[in-house]
file entry10.cif (mmCIF, C-alpha atoms)
data_data
loop_
_atom_site.label_atom_id
_atom_site.label_comp_id
_atom_site.auth_asym_id
_atom_site.auth_seq_id
_atom_site.Cartn_x
_atom_site.Cartn_y
_atom_site.Cartn_z
CA SER A 1203 -0.21 5.76 -26.26
CA ALA A 1204 2.00 7.52 -28.78
CA VAL A 1205 3.21 5.56 -31.79
CA ILE A 1206 6.68 6.46 -32.99
CA SER A 1207 8.44 5.54 -36.19
CA GLN A 1208 12.09 6.01 -37.10
CA LYS A 1209 13.92 6.03 -40.40
CA PRO A 1210 16.17 4.39 -41.34
CA SER A 1211 15.84 1.27 -39.21
CA ARG A 1212 19.48 0.45 -39.82
CA ASP A 1213 22.40 1.67 -41.89
CA ILE A 1214 26.05 0.92 -42.53
CA CYS A 1215 28.12 4.05 -43.16
CA GLN A 1216 31.67 4.96 -43.97
CA ARG A 1217 33.91 6.86 -41.61
CA GLY A 1218 33.72 10.63 -42.09
CA THR A 1219 30.21 10.71 -43.53
CA SER A 1220 26.97 11.91 -41.88
CA LEU A 1221 23.60 10.26 -41.35
CA THR A 1222 20.29 11.91 -40.55
CA ILE A 1223 17.77 9.91 -38.52
CA GLN A 1224 14.09 10.83 -38.64
CA CYS A 1225 11.59 10.42 -35.85
CA GLN A 1226 7.85 10.76 -36.52
CA VAL A 1227 5.11 10.66 -33.87
CA ASP A 1228 1.42 10.05 -34.53
CA SER A 1229 0.32 12.81 -32.11
CA GLN A 1230 1.53 16.22 -31.05
CA VAL A 1231 4.03 16.14 -28.22
CA THR A 1232 5.99 18.84 -26.47
CA MET A 1233 9.17 17.03 -25.49
CA MET A 1234 11.17 14.66 -27.65
CA PHE A 1235 14.34 12.96 -26.48
CA TRP A 1236 17.24 11.37 -28.34
CA TYR A 1237 19.21 8.55 -26.74
CA ARG A 1238 22.20 6.47 -27.73
CA GLN A 1239 22.71 2.86 -26.79
CA GLN A 1240 26.21 1.59 -27.40
CA PRO A 1241 26.75 -2.16 -27.78
CA GLY A 1242 26.03 -3.98 -24.54
CA GLN A 1243 25.25 -0.76 -22.70
CA SER A 1244 22.17 0.98 -21.39
CA LEU A 1245 20.66 4.16 -22.80
CA THR A 1246 22.43 7.51 -22.57
CA LEU A 1247 20.58 10.76 -23.24
CA ILE A 1248 22.02 12.82 -26.09
CA ALA A 1249 19.66 15.79 -26.04
CA THR A 1250 16.16 17.04 -25.38
CA ALA A 1251 14.34 18.62 -28.31
CA ASN A 1252 11.57 21.09 -27.53
CA GLN A 1253 9.62 22.49 -30.48
CA GLY A 1254 10.49 26.07 -31.25
CA SER A 1255 13.70 26.22 -29.28
CA GLU A 1256 17.25 24.97 -29.51
CA ALA A 1257 17.91 21.43 -28.35
CA THR A 1258 19.49 20.99 -24.93
CA TYR A 1259 22.52 18.70 -25.00
CA GLU A 1260 23.87 16.50 -22.24
CA SER A 1261 27.47 16.66 -21.09
CA GLY A 1262 29.69 14.96 -23.64
CA PHE A 1263 27.43 15.67 -26.62
CA VAL A 1264 27.76 18.77 -28.79
CA ILE A 1265 25.62 20.38 -31.45
CA ASP A 1266 28.32 20.24 -34.12
CA LYS A 1267 28.49 16.47 -33.81
CA PHE A 1268 24.77 15.77 -33.22
CA PRO A 1269 22.69 18.59 -34.75
CA ILE A 1270 18.97 18.23 -34.04
CA SER A 1271 15.98 19.76 -35.74
CA ARG A 1272 12.46 20.03 -34.33
CA PRO A 1273 10.36 21.79 -36.96
CA ASN A 1274 6.94 20.88 -35.51
CA LEU A 1275 5.20 18.97 -32.73
CA THR A 1276 5.30 15.57 -34.45
CA PHE A 1277 8.74 15.37 -36.07
CA SER A 1278 12.44 15.59 -35.25
CA THR A 1279 15.74 14.66 -36.84
CA LEU A 1280 19.10 13.77 -35.36
CA THR A 1281 22.22 13.95 -37.53
CA VAL A 1282 25.35 12.04 -36.63
CA SER A 1283 28.15 14.02 -38.27
CA ASN A 1284 31.66 13.10 -39.32
CA MET A 1285 31.12 9.55 -38.11
CA SER A 1286 33.74 7.27 -36.63
CA PRO A 1287 33.45 3.58 -35.60
CA GLU A 1288 32.82 4.77 -32.02
CA ASP A 1289 29.48 6.15 -33.20
CA SER A 1290 28.24 2.64 -33.95
CA SER A 1291 25.18 2.37 -31.71
CA ILE A 1292 21.42 2.16 -31.64
CA TYR A 1293 19.88 5.63 -31.70
CA LEU A 1294 16.41 5.97 -30.21
CA CYS A 1295 13.94 8.78 -29.99
CA SER A 1296 11.29 8.96 -27.31
CA VAL A 1297 8.36 11.15 -26.37
CA GLU A 1298 6.46 11.88 -23.23
CA ASP A 1299 2.77 11.14 -23.57
CA LEU A 1300 0.67 13.99 -22.27
CA ASP A 1301 -2.19 11.78 -21.15
CA GLY A 1302 -1.86 12.71 -17.52
CA TYR A 1303 0.53 9.90 -16.64
CA ASN A 1304 3.64 11.23 -18.41
CA GLU A 1305 4.55 7.81 -19.66
CA GLN A 1306 7.45 7.78 -22.10
CA PHE A 1307 7.39 5.80 -25.33
CA PHE A 1308 10.21 4.86 -27.63
CA GLY A 1309 10.68 4.43 -31.33
CA PRO A 1310 12.02 1.16 -32.76
CA GLY A 1311 15.54 2.59 -32.98
CA THR A 1312 18.09 3.09 -35.74
CA ARG A 1313 20.96 0.62 -35.72
CA LEU A 1314 24.06 2.39 -37.05
CA THR A 1315 27.30 0.66 -37.98
CA VAL A 1316 30.28 2.81 -38.98
CA LEU A 1317 33.11 1.15 -40.86
CA LYS B 852 23.23 12.73 -9.91
CA GLN B 853 20.63 9.97 -10.00
CA GLU B 854 22.13 6.47 -10.17
CA VAL B 855 19.95 3.52 -11.11
CA THR B 856 21.15 0.00 -10.37
CA GLN B 857 19.58 -3.26 -11.49
CA ILE B 858 20.25 -6.64 -9.93
CA PRO B 859 20.89 -9.25 -11.16
CA ALA B 860 22.63 -8.33 -14.41
CA ALA B 861 21.60 -11.66 -15.92
CA LEU B 862 19.18 -14.40 -14.94
CA SER B 863 18.37 -17.80 -16.38
CA VAL B 864 15.30 -19.72 -15.19
CA PRO B 865 13.29 -22.71 -16.38
CA GLU B 866 9.87 -22.09 -17.85
CA GLY B 867 7.08 -21.74 -15.30
CA GLU B 868 9.12 -20.17 -12.52
CA ASN B 869 8.13 -16.95 -10.81
CA LEU B 870 10.91 -14.39 -10.70
CA VAL B 871 11.80 -11.00 -9.30
CA LEU B 872 13.94 -8.31 -10.88
CA ASN B 873 15.32 -5.57 -8.67
CA CYS B 874 15.92 -1.88 -9.29
CA SER B 875 17.33 0.69 -6.89
CA PHE B 876 17.86 4.44 -7.26
CA THR B 877 19.88 6.87 -5.18
CA ASP B 878 17.64 9.96 -5.24
CA SER B 879 14.14 9.31 -3.91
CA ALA B 880 12.81 12.57 -5.42
CA ILE B 881 11.39 10.86 -8.49
CA TYR B 882 8.30 11.73 -10.49
CA ASN B 883 7.65 8.23 -11.79
CA LEU B 884 9.34 4.92 -12.56
CA GLN B 885 8.96 2.83 -15.69
CA TRP B 886 9.85 -0.74 -16.52
CA PHE B 887 10.70 -1.52 -20.14
CA ARG B 888 11.39 -4.61 -22.15
CA GLN B 889 13.99 -4.64 -24.95
CA ASP B 890 14.46 -7.48 -27.41
CA PRO B 891 17.92 -7.79 -29.03
CA GLY B 892 18.62 -4.98 -31.48
CA LYS B 893 15.17 -3.49 -30.98
CA GLY B 894 13.57 -0.48 -29.35
CA LEU B 895 11.99 -0.34 -25.91
CA THR B 896 8.49 -1.47 -25.03
CA SER B 897 6.93 0.15 -21.99
CA LEU B 898 5.64 -2.49 -19.56
CA LEU B 899 4.52 -0.61 -16.48
CA LEU B 900 4.53 2.95 -15.20
CA ILE B 901 4.37 3.66 -11.46
CA GLN B 902 3.76 7.21 -10.39
CA SER B 903 5.57 8.42 -7.27
CA SER B 904 2.36 8.36 -5.23
CA GLN B 905 1.61 4.75 -6.13
CA ARG B 906 2.86 1.55 -4.51
CA GLU B 907 2.34 -0.94 -7.32
CA GLN B 908 0.98 -1.56 -10.80
CA THR B 909 -0.13 -4.78 -12.45
CA SER B 910 -0.45 -5.87 -16.05
CA GLY B 911 -1.22 -9.49 -16.76
CA ARG B 912 1.57 -11.65 -15.32
CA LEU B 913 3.63 -8.59 -14.42
CA ASN B 914 3.54 -6.74 -11.13
CA ALA B 915 5.78 -3.80 -10.30
CA SER B 916 6.15 -2.33 -6.83
CA LEU B 917 7.66 0.94 -5.71
CA ASP B 918 9.11 1.92 -2.33
CA LYS B 919 10.08 5.48 -3.02
CA SER B 920 11.45 6.26 0.43
CA SER B 921 13.94 3.40 0.28
CA GLY B 922 14.69 3.93 -3.42
CA ARG B 923 13.60 0.50 -4.60
CA SER B 924 11.36 -1.11 -7.16
CA THR B 925 10.77 -4.73 -8.07
CA LEU B 926 9.30 -6.33 -11.17
CA TYR B 927 7.62 -9.64 -10.50
CA ILE B 928 7.00 -11.98 -13.42
CA ALA B 929 4.65 -14.88 -12.74
CA ALA B 930 4.75 -18.22 -14.51
CA SER B 931 7.60 -17.24 -16.82
CA GLN B 932 7.56 -18.27 -20.49
CA PRO B 933 10.31 -18.51 -23.13
CA GLY B 934 8.73 -15.50 -24.82
CA ASP B 935 9.61 -13.44 -21.74
CA SER B 936 13.31 -13.74 -22.66
CA ALA B 937 14.59 -10.19 -23.14
CA THR B 938 16.42 -7.41 -21.35
CA TYR B 939 14.36 -5.59 -18.73
CA LEU B 940 15.21 -1.97 -18.05
CA CYS B 941 14.21 0.19 -15.11
CA ALA B 942 14.13 3.97 -15.53
CA VAL B 943 13.20 6.92 -13.33
CA SER B 944 12.11 10.44 -14.18
CA PRO B 945 12.83 13.43 -11.95
CA ASN B 946 9.82 15.37 -13.20
CA SER B 947 7.35 15.78 -16.03
CA GLY B 948 9.12 16.86 -19.21
CA TYR B 949 12.44 15.37 -18.24
CA ALA B 950 14.32 12.46 -19.77
CA LEU B 951 14.68 9.12 -18.05
CA ASN B 952 17.65 7.80 -16.10
CA PHE B 953 18.18 4.16 -16.95
CA GLY B 954 19.68 1.21 -15.17
CA LYS B 955 21.90 -1.17 -17.12
CA GLY B 956 19.18 -3.79 -17.31
CA THR B 957 18.65 -7.42 -16.40
CA SER B 958 19.08 -9.93 -19.21
CA LEU B 959 16.50 -12.68 -18.72
CA LEU B 960 16.57 -16.10 -20.36
CA VAL B 961 13.64 -18.46 -19.83
CA THR B 962 14.44 -21.97 -20.98
CA PRO B 963 11.77 -24.44 -22.16
#
call {"tool": "encode", "arguments": {"input": "entry10.cif", "output": "structure tokens"}}
result
Amino acid sequence: SAVISQKPSRDICQRGTSLTIQCQVDSQVTMMFWYRQQPGQSLTLIATANQGSEATYESGFVIDKFPISRPNLTFSTLTVSNMSPEDSSIYLCSVEDLDGYNEQFFGPGTRLTVL
Amino acid sequence: KQEVTQIPAALSVPEGENLVLNCSFTDSAIYNLQWFRQDPGKGLTSLLLIQSSQREQTSGRLNASLDKSSGRSTLYIAASQPGDSATYLCAVSPNSGYALNFGKGTSLLVTP
């Protein structure tokens, strides 16, 4: 199974600033996904990041607010731009394991608090 | 649009009880279904994956079943322990390479 790490694990940021979250996988994967989990809620997909192409964003999420990079098959970043307190959430990246079962694995998450 | 519902939203049981968590989904055209565990403030740990052609999967004290035609899955936990206390999430995938649609989870508390 894929092992995923995220940096930072948590951060407290001021309103109006930006934070870049890194996601590193220990094996090459095609699809990487970024989710947001607001307090007390389930996971909502932000975007799908495919290496070599632009990320595909879900309704309600835009590239200017959540720019994503996918420079290679093991790494991706998500930036939360011009933050407001409403952006306080856990941000998680996940990958689909190409072992024939298409199981999805998640990173430990980044807990973001915006003041 | 796929809707995933989990019942109950919260559950409290004494240690040693067997319990069942329920998950239902509106579109039966799924590729697979996964059950996850999430501890407070943490990421998700994959517990079981059931492919659409399968009926059940087992791992230790956990057993997950899938009835694709009726849009239902159950997670059975045998002989519950306080360490099982967590939120359990059900998620379905429409196809390989697609993101998961999640339910809101069942918050489980196992008391000593």
call {"tool": "resolve_selection", "arguments": {"input": "entry10.cif", "expression": "the PyMOL selection byres ((chain A) within 7 of (chain B))", "output": "ChimeraX atom specification"}}
result
/A:1233,1235,1243-1245,1298,1304-1305,1307-1311
call {"tool": "closest_residue", "arguments": {"input": "entry10.cif", "among": "A:Val1297, A:Ile1223, A:Ala1249, A:Met1234", "to": "Arg1272 (chain A)", "atoms": "all atoms listed in the file"}}
result
A:Met1234
call {"tool": "residues_near_point", "arguments": {"input": "entry10.cif", "point": "(30.1, 0.5, -40.8)", "cutoff": "8 Å", "atoms": "all atoms listed in the file", "output": "compact mmCIF listing (two decimals) with C-alpha atoms, in the coordinates of the input"}}
result
# COMPACT_ATOMS: atom_id res chain seq x y z
CA ASP A 1213 22.40 1.67 -41.89
CA ILE A 1214 26.05 0.92 -42.53
CA CYS A 1215 28.12 4.05 -43.16
CA GLN A 1216 31.67 4.96 -43.97
CA ARG A 1217 33.91 6.86 -41.61
CA PRO A 1287 33.45 3.58 -35.60
CA SER A 1290 28.24 2.64 -33.95
CA LEU A 1314 24.06 2.39 -37.05
CA THR A 1315 27.30 0.66 -37.98
CA VAL A 1316 30.28 2.81 -38.98
CA LEU A 1317 33.11 1.15 -40.86
call {"tool": "atom_distance", "arguments": {"input": "entry10.cif", "atom1": "CA of Asn1252 (chain A)", "atom2": "CA of Ser879 (chain B)"}}
result
26.5 Å
call {"tool": "residues_around", "arguments": {"input": "entry10.cif", "residues": "Arg1313 (chain A)", "least_positions_apart": "4", "cutoff": "7 Å", "atoms": "only C-alpha atoms", "output": "ChimeraX atom specification"}}
result
/A:1211-1213,1291-1293
call {"tool": "residues_around", "arguments": {"input": "entry10.cif", "residues": "region 916-918 of chain B", "least_positions_apart": "2", "cutoff": "10 Å", "atoms": "all atoms listed in the file", "output": "JSON, numbers by chain"}}
result
{"B": [873, 874, 875, 879, 883, 884, 899, 901, 902, 903, 904, 905, 906, 907, 908, 909, 914, 920, 921, 922, 923, 924, 925, 926, 927]}
